[in-house]
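Below is one structure, written out as structure tokens; comments come after it.
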There are 2 protein chains.
Amino acid sequence: MIFLTVDNAMTPAVRTTDGGMTACDVAKTLEDEHIGSVLVCDSDTDEIRGIVTASDVIRLVASGADMGSTTAEEFMSEDVVTTESGTSVHDAALLMREHSVRRLPVVDDGELVGIVTTTNLTHYLPRLRNTILRERTERKQALTNER
Amino acid sequence: MIFLTVDNAMTPAVRTTDGGMTACDVAKTLEDEHIGSVLVCDSDTDEIRGIVTASDVIRLVASGADMGSTTAEEFMSEDVVTTESGTSVHDAALLMREHSVRRLPVVDDGELVGIVTTTNLTHYLPRLRNTILRERTERKQALTNER
């Protein structure tokens, strides 16, 4: 299969929290776990309520807010754009562009199964190029065999 | 030309500063200018001394440092990995992966000419896919013509 789907490129583990985590603890989590976002989920239903990314923390720092008392639900981005594991990597890239986001939580039948980011897609990019090169070689071979 | 070079994907404008900008002002700059990093350059020679990214600001927040008094040169990342405008997008992607970075300043003959990020490369990805599809069509056509 040449055009991979999102589940081949995504990070399967997603860090979630309820809305009460402070901005300072969000920053510590991003730093300690080497991740770019924390998903804010409803503690009862597990439903995604929002996402806090590095950009959201930056916005908060820029506003001069107190990082020790502002909670995730106060500065999270709502209306999270998601995708599904069977979506093509190509469509995920287009979706990111369209919505100007760098990460898409991956949700299958209401269940959070991973997250796909611009970094994941960048690491996937060389594989696409290798596909082009391999196909070219095969084409030359096919044309040679035809003769 | 099918395999684009970095200058086709990069952002040509790069925000620079000397080392004295405070962390709070760095955050404001990232937020106001919708960018992910500020390059710290020597004010006399223009040489790149370091880079401050959203991740660096996050690290600083996590450490509990005072955002209003810590300056860029105190928390910037040094040893900046750069690329050149003539480098292939593929090699730039590999370089990012190798060094675990999401942005590469583009430097030609000592002059800073742009920056290329994982977001730039993600926006470029659908073009690679279209290339594969077009080449397949051409191959089919070529094989049909041979017969």
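To be explicit about the labels: the chains of the structure tokens are called A, B, and onward in the order shown, and within each one the residues are counted from 1, while ligands get numbers from 1 in the order they are shown.
Residue-level contact on chain B: within 6 Å of chain A, counting only C-alpha atoms, the set is Cys24, Ala27, Lys28, Glu31, Ile58, Arg59, Ala62, His90, Ala93, Thr118, Thr119, Thr122, Pro126 and Ile132 of chain B.
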Those selected residues, please, written with all heavy atoms and delivered as an mmCIF file, in the first residue's frame.
data_model
loop_
_atom_site.group_PDB
_atom_site.id
_atom_site.type_symbol
_atom_site.label_atom_id
_atom_site.label_comp_id
_atom_site.auth_asym_id
_atom_site.auth_seq_id
_atom_site.Cartn_x
_atom_site.Cartn_y
_atom_site.Cartn_z
ATOM 1 N N CYS B 24 9.104 37.281 27.956
ATOM 2 C CA CYS B 24 7.735 37.750 27.772
ATOM 3 C C CYS B 24 7.581 38.399 26.395
ATOM 4 O O CYS B 24 6.595 38.163 25.695
ATOM 5 C CB CYS B 24 7.389 38.726 28.893
ATOM 6 S SG CYS B 24 5.645 39.116 28.948
ATOM 7 N N ALA B 27 7.525 35.761 23.722
ATOM 8 C CA ALA B 27 6.185 35.165 23.638
ATOM 9 C C ALA B 27 5.233 36.086 22.878
ATOM 10 O O ALA B 27 4.468 35.639 22.017
ATOM 11 C CB ALA B 27 5.643 34.868 25.034
ATOM 12 N N LYS B 28 5.308 37.393 23.167
ATOM 13 C CA LYS B 28 4.443 38.353 22.459
ATOM 14 C C LYS B 28 4.744 38.370 20.966
ATOM 15 O O LYS B 28 3.842 38.445 20.126
ATOM 16 C CB LYS B 28 4.657 39.767 23.023
ATOM 17 C CG LYS B 28 3.850 40.027 24.283
ATOM 18 C CD LYS B 28 4.070 41.466 24.772
ATOM 19 C CE LYS B 28 3.540 41.608 26.187
ATOM 20 N NZ LYS B 28 4.189 42.682 26.941
ATOM 21 N N GLU B 31 3.413 35.250 19.321
ATOM 22 C CA GLU B 31 1.949 35.342 19.272
ATOM 23 C C GLU B 31 1.489 36.369 18.222
ATOM 24 O O GLU B 31 0.672 36.062 17.355
ATOM 25 C CB GLU B 31 1.444 35.734 20.667
ATOM 26 C CG GLU B 31 0.026 36.212 20.767
ATOM 27 C CD GLU B 31 -1.001 35.117 20.552
ATOM 28 O OE1 GLU B 31 -0.603 33.959 20.437
ATOM 29 O OE2 GLU B 31 -2.199 35.435 20.488
ATOM 30 N N ILE B 58 8.304 27.236 26.611
ATOM 31 C CA ILE B 58 7.621 26.236 27.451
ATOM 32 C C ILE B 58 8.573 25.734 28.548
ATOM 33 O O ILE B 58 8.198 25.611 29.713
ATOM 34 C CB ILE B 58 7.166 25.028 26.585
ATOM 35 C CG1 ILE B 58 6.157 25.459 25.534
ATOM 36 C CG2 ILE B 58 6.630 23.894 27.460
ATOM 37 C CD1 ILE B 58 4.860 25.935 26.062
ATOM 38 N N ARG B 59 9.804 25.433 28.144
ATOM 39 C CA ARG B 59 10.801 24.926 29.098
ATOM 40 C C ARG B 59 11.016 25.943 30.218
ATOM 41 O O ARG B 59 11.141 25.594 31.391
ATOM 42 C CB ARG B 59 12.116 24.640 28.369
ATOM 43 C CG ARG B 59 13.039 23.703 29.144
ATOM 44 C CD ARG B 59 14.285 23.336 28.358
ATOM 45 N NE ARG B 59 15.079 24.503 28.035
ATOM 46 C CZ ARG B 59 15.440 24.868 26.814
ATOM 47 N NH1 ARG B 59 15.073 24.162 25.781
ATOM 48 N NH2 ARG B 59 16.164 25.947 26.618
ATOM 49 N N ALA B 62 8.053 26.030 32.508
ATOM 50 C CA ALA B 62 8.087 24.827 33.348
ATOM 51 C C ALA B 62 9.091 24.969 34.490
ATOM 52 O O ALA B 62 8.893 24.423 35.572
ATOM 53 C CB ALA B 62 8.419 23.607 32.496
ATOM 54 N N HIS B 90 13.479 16.740 0.636
ATOM 55 C CA HIS B 90 13.680 15.408 1.201
ATOM 56 C C HIS B 90 14.839 15.406 2.204
ATOM 57 O O HIS B 90 14.715 14.910 3.328
ATOM 58 C CB HIS B 90 13.945 14.458 0.028
ATOM 59 C CG HIS B 90 14.479 13.124 0.423
ATOM 60 N ND1 HIS B 90 15.802 12.792 0.275
ATOM 61 C CD2 HIS B 90 13.887 12.047 0.967
ATOM 62 C CE1 HIS B 90 15.987 11.551 0.708
ATOM 63 N NE2 HIS B 90 14.844 11.080 1.116
ATOM 64 N N ALA B 93 13.932 17.246 5.353
ATOM 65 C CA ALA B 93 13.090 16.425 6.227
ATOM 66 C C ALA B 93 13.943 15.437 7.025
ATOM 67 O O ALA B 93 13.744 15.238 8.225
ATOM 68 C CB ALA B 93 12.030 15.676 5.412
ATOM 69 N N THR B 118 8.474 22.145 9.804
ATOM 70 C CA THR B 118 7.644 20.955 9.559
ATOM 71 C C THR B 118 6.293 21.354 8.958
ATOM 72 O O THR B 118 5.717 20.598 8.180
ATOM 73 C CB THR B 118 7.398 20.156 10.860
ATOM 74 O OG1 THR B 118 6.905 21.032 11.864
ATOM 75 C CG2 THR B 118 8.677 19.494 11.350
ATOM 76 N N THR B 119 5.817 22.539 9.313
ATOM 77 C CA THR B 119 4.547 23.006 8.732
ATOM 78 C C THR B 119 4.718 23.265 7.231
ATOM 79 O O THR B 119 3.884 22.844 6.426
ATOM 80 C CB THR B 119 4.059 24.276 9.457
ATOM 81 O OG1 THR B 119 3.912 23.975 10.848
ATOM 82 C CG2 THR B 119 2.725 24.758 8.909
ATOM 83 N N THR B 122 4.779 19.917 5.549
ATOM 84 C CA THR B 122 3.458 19.279 5.527
ATOM 85 C C THR B 122 2.601 19.872 4.413
ATOM 86 O O THR B 122 1.885 19.153 3.719
ATOM 87 C CB THR B 122 2.766 19.452 6.901
ATOM 88 O OG1 THR B 122 3.521 18.724 7.867
ATOM 89 C CG2 THR B 122 1.332 18.923 6.872
ATOM 90 N N PRO B 126 1.160 17.150 -0.093
ATOM 91 C CA PRO B 126 0.177 16.766 -1.121
ATOM 92 C C PRO B 126 0.716 16.921 -2.542
ATOM 93 O O PRO B 126 0.298 16.196 -3.448
ATOM 94 C CB PRO B 126 -0.986 17.736 -0.869
ATOM 95 C CG PRO B 126 -0.874 18.082 0.577
ATOM 96 C CD PRO B 126 0.603 18.131 0.853
ATOM 97 N N ILE B 132 3.209 11.570 -7.777
ATOM 98 C CA ILE B 132 3.139 10.115 -7.937
ATOM 99 C C ILE B 132 1.958 9.738 -8.840
ATOM 100 O O ILE B 132 2.095 8.950 -9.772
ATOM 101 C CB ILE B 132 2.980 9.416 -6.561
ATOM 102 C CG1 ILE B 132 4.220 9.675 -5.708
ATOM 103 C CG2 ILE B 132 2.752 7.918 -6.741
ATOM 104 C CD1 ILE B 132 4.144 9.055 -4.323
#
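Secondary structure by DSSP on the backbone puts the following residues of segment 3-143 of chain A in strand (DSSP E): A:Thr16, A:Thr17, A:Ser37, A:Val38, A:Leu39, A:Val40, A:Cys41, A:Ile48, A:Arg49, A:Gly50, A:Ile51, A:Val52, A:Thr53, A:Arg103, A:Leu104, A:Pro105, A:Val106, A:Val107, A:Asp108, A:Glu111, A:Leu112, A:Val113, A:Gly114, A:Ile115, A:Val116, A:Thr117.
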Next, the residues of the selection above should be written as a short mmCIF file (atom, residue, chain, number, x, y, z; two decimals), in the first residue's frame with C-alpha atoms.
data_model
loop_
_atom_site.label_atom_id
_atom_site.label_comp_id
_atom_site.auth_asym_id
_atom_site.auth_seq_id
_atom_site.Cartn_x
_atom_site.Cartn_y
_atom_site.Cartn_z
CA THR A 16 -5.10 13.87 28.29
CA THR A 17 -6.16 15.83 31.36
CA SER A 37 -0.12 19.33 23.29
CA VAL A 38 -2.37 17.98 26.02
CA LEU A 39 -5.98 17.10 25.23
CA VAL A 40 -8.59 18.31 27.67
CA CYS A 41 -11.25 15.61 28.07
CA ILE A 48 -12.69 15.93 23.92
CA ARG A 49 -13.45 19.40 25.27
CA GLY A 50 -10.38 21.21 24.00
CA ILE A 51 -6.65 21.11 23.39
CA VAL A 52 -3.79 23.06 24.96
CA THR A 53 -0.76 23.37 22.73
CA ARG A 103 -1.92 18.45 15.15
CA LEU A 104 -5.07 16.40 14.71
CA PRO A 105 -6.35 14.03 17.41
CA VAL A 106 -7.31 10.72 15.78
CA VAL A 107 -10.77 9.53 16.84
CA ASP A 108 -12.38 6.28 15.70
CA GLU A 111 -12.61 6.68 20.88
CA LEU A 112 -9.34 8.64 20.98
CA VAL A 113 -6.68 6.40 19.40
CA GLY A 114 -3.78 8.76 18.66
CA ILE A 115 -2.62 12.13 17.41
CA VAL A 116 -1.01 13.05 14.09
CA THR A 117 1.22 16.12 13.81
#
Helix (DSSP H, G or I) positions in segment 41-130 of chain A, given as a ChimeraX atom specification
/A:54-63,72-75,89-99,118-130
Mind writing the picked residues with N, CA and C atoms as a JSON list (two decimals), in the first residue's frame?
[["chain", "number", "residue", "atom", "x", "y", "z"],
["A", 54, "ALA", "N", 1.51, 24.17, 22.76],
["A", 54, "ALA", "CA", 2.57, 25.12, 23.07],
["A", 54, "ALA", "C", 2.12, 26.53, 22.69],
["A", 55, "SER", "N", 1.43, 26.67, 21.56],
["A", 55, "SER", "CA", 0.98, 28.00, 21.11],
["A", 55, "SER", "C", 0.03, 28.63, 22.12],
["A", 56, "ASP", "N", -0.83, 27.81, 22.73],
["A", 56, "ASP", "CA", -1.76, 28.34, 23.73],
["A", 56, "ASP", "C", -1.00, 28.85, 24.97],
["A", 57, "VAL", "N", 0.04, 28.10, 25.35],
["A", 57, "VAL", "CA", 0.85, 28.54, 26.49],
["A", 57, "VAL", "C", 1.56, 29.86, 26.15],
["A", 58, "ILE", "N", 2.08, 29.94, 24.94],
["A", 58, "ILE", "CA", 2.76, 31.16, 24.48],
["A", 58, "ILE", "C", 1.80, 32.35, 24.55],
["A", 59, "ARG", "N", 0.58, 32.12, 24.08],
["A", 59, "ARG", "CA", -0.43, 33.19, 24.07],
["A", 59, "ARG", "C", -0.68, 33.67, 25.50],
["A", 60, "LEU", "N", -0.71, 32.71, 26.40],
["A", 60, "LEU", "CA", -0.97, 33.04, 27.81],
["A", 60, "LEU", "C", 0.20, 33.82, 28.41],
["A", 61, "VAL", "N", 1.42, 33.39, 28.10],
["A", 61, "VAL", "CA", 2.60, 34.12, 28.58],
["A", 61, "VAL", "C", 2.56, 35.55, 28.04],
["A", 62, "ALA", "N", 2.25, 35.67, 26.76],
["A", 62, "ALA", "CA", 2.21, 37.00, 26.11],
["A", 62, "ALA", "C", 1.18, 37.91, 26.76],
["A", 63, "SER", "N", 0.11, 37.31, 27.29],
["A", 63, "SER", "CA", -0.95, 38.12, 27.89],
["A", 63, "SER", "C", -0.60, 38.54, 29.32],
["A", 72, "ALA", "N", -6.17, 24.88, 32.51],
["A", 72, "ALA", "CA", -6.25, 24.47, 31.10],
["A", 72, "ALA", "C", -7.58, 24.88, 30.46],
["A", 73, "GLU", "N", -8.68, 24.68, 31.17],
["A", 73, "GLU", "CA", -9.97, 25.00, 30.54],
["A", 73, "GLU", "C", -10.15, 26.50, 30.31],
["A", 74, "GLU", "N", -9.36, 27.31, 31.00],
["A", 74, "GLU", "CA", -9.46, 28.75, 30.79],
["A", 74, "GLU", "C", -8.71, 29.23, 29.54],
["A", 75, "PHE", "N", -7.73, 28.47, 29.11],
["A", 75, "PHE", "CA", -6.96, 28.94, 27.94],
["A", 75, "PHE", "C", -6.85, 27.92, 26.82],
["A", 89, "VAL", "N", -2.94, 10.07, 4.70],
["A", 89, "VAL", "CA", -1.98, 11.06, 5.18],
["A", 89, "VAL", "C", -2.12, 12.35, 4.37],
["A", 90, "HIS", "N", -2.39, 12.21, 3.09],
["A", 90, "HIS", "CA", -2.59, 13.34, 2.19],
["A", 90, "HIS", "C", -3.76, 14.20, 2.65],
["A", 91, "ASP", "N", -4.88, 13.57, 2.95],
["A", 91, "ASP", "CA", -6.06, 14.32, 3.39],
["A", 91, "ASP", "C", -5.81, 14.96, 4.76],
["A", 92, "ALA", "N", -5.06, 14.27, 5.61],
["A", 92, "ALA", "CA", -4.73, 14.86, 6.92],
["A", 92, "ALA", "C", -3.89, 16.12, 6.73],
["A", 93, "ALA", "N", -2.94, 16.08, 5.79],
["A", 93, "ALA", "CA", -2.10, 17.25, 5.51],
["A", 93, "ALA", "C", -2.96, 18.42, 5.01],
["A", 94, "LEU", "N", -3.92, 18.10, 4.13],
["A", 94, "LEU", "CA", -4.81, 19.15, 3.61],
["A", 94, "LEU", "C", -5.68, 19.74, 4.73],
["A", 95, "LEU", "N", -6.13, 18.87, 5.62],
["A", 95, "LEU", "CA", -6.97, 19.30, 6.74],
["A", 95, "LEU", "C", -6.20, 20.26, 7.67],
["A", 96, "MET", "N", -4.94, 19.93, 7.93],
["A", 96, "MET", "CA", -4.10, 20.80, 8.76],
["A", 96, "MET", "C", -3.94, 22.17, 8.11],
["A", 97, "ARG", "N", -3.71, 22.14, 6.81],
["A", 97, "ARG", "CA", -3.53, 23.39, 6.08],
["A", 97, "ARG", "C", -4.80, 24.23, 6.14],
["A", 98, "GLU", "N", -5.93, 23.57, 5.85],
["A", 98, "GLU", "CA", -7.22, 24.25, 5.80],
["A", 98, "GLU", "C", -7.55, 24.93, 7.12],
["A", 99, "HIS", "N", -7.27, 24.24, 8.22],
["A", 99, "HIS", "CA", -7.64, 24.76, 9.54],
["A", 99, "HIS", "C", -6.48, 25.44, 10.27],
["A", 118, "THR", "N", 2.35, 17.68, 12.35],
["A", 118, "THR", "CA", 3.20, 18.04, 11.21],
["A", 118, "THR", "C", 4.55, 17.34, 11.30],
["A", 119, "THR", "N", 5.01, 17.09, 12.52],
["A", 119, "THR", "CA", 6.28, 16.37, 12.68],
["A", 119, "THR", "C", 6.14, 14.94, 12.19],
["A", 120, "ASN", "N", 5.06, 14.26, 12.55],
["A", 120, "ASN", "CA", 4.81, 12.91, 12.03],
["A", 120, "ASN", "C", 4.83, 12.90, 10.51],
["A", 121, "LEU", "N", 4.15, 13.90, 9.91],
["A", 121, "LEU", "CA", 4.03, 13.92, 8.45],
["A", 121, "LEU", "C", 5.37, 14.25, 7.79],
["A", 122, "THR", "N", 6.17, 15.07, 8.45],
["A", 122, "THR", "CA", 7.50, 15.38, 7.91],
["A", 122, "THR", "C", 8.37, 14.12, 7.91],
["A", 123, "HIS", "N", 8.25, 13.32, 8.95],
["A", 123, "HIS", "CA", 9.05, 12.09, 9.01],
["A", 123, "HIS", "C", 8.57, 11.08, 7.96],
["A", 124, "TYR", "N", 7.33, 11.23, 7.55],
["A", 124, "TYR", "CA", 6.77, 10.33, 6.54],
["A", 124, "TYR", "C", 7.17, 10.74, 5.12],
["A", 125, "LEU", "N", 7.47, 12.03, 4.96],
["A", 125, "LEU", "CA", 7.73, 12.60, 3.63],
["A", 125, "LEU", "C", 8.81, 11.86, 2.82],
["A", 126, "PRO", "N", 9.96, 11.52, 3.42],
["A", 126, "PRO", "CA", 10.97, 10.81, 2.62],
["A", 126, "PRO", "C", 10.47, 9.49, 2.06],
["A", 127, "ARG", "N", 9.52, 8.85, 2.75],
["A", 127, "ARG", "CA", 8.99, 7.59, 2.24],
["A", 127, "ARG", "C", 8.23, 7.80, 0.94],
["A", 128, "LEU", "N", 7.50, 8.92, 0.85],
["A", 128, "LEU", "CA", 6.79, 9.24, -0.39],
["A", 128, "LEU", "C", 7.77, 9.42, -1.54],
["A", 129, "ARG", "N", 8.87, 10.11, -1.26],
["A", 129, "ARG", "CA", 9.87, 10.34, -2.30],
["A", 129, "ARG", "C", 10.45, 9.00, -2.76],
["A", 130, "ASN", "N", 10.75, 8.12, -1.80],
["A", 130, "ASN", "CA", 11.29, 6.82, -2.16],
["A", 130, "ASN", "C", 10.31, 6.03, -3.01]]
Which value, in Å to one decimal, gives the distance between atom CA of Asp42 of chain B and atom CA of Gly19 of chain B?
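We find that atom CA of Asp42 of chain B and atom CA of Gly19 of chain B lie 7.8 Å from each other.
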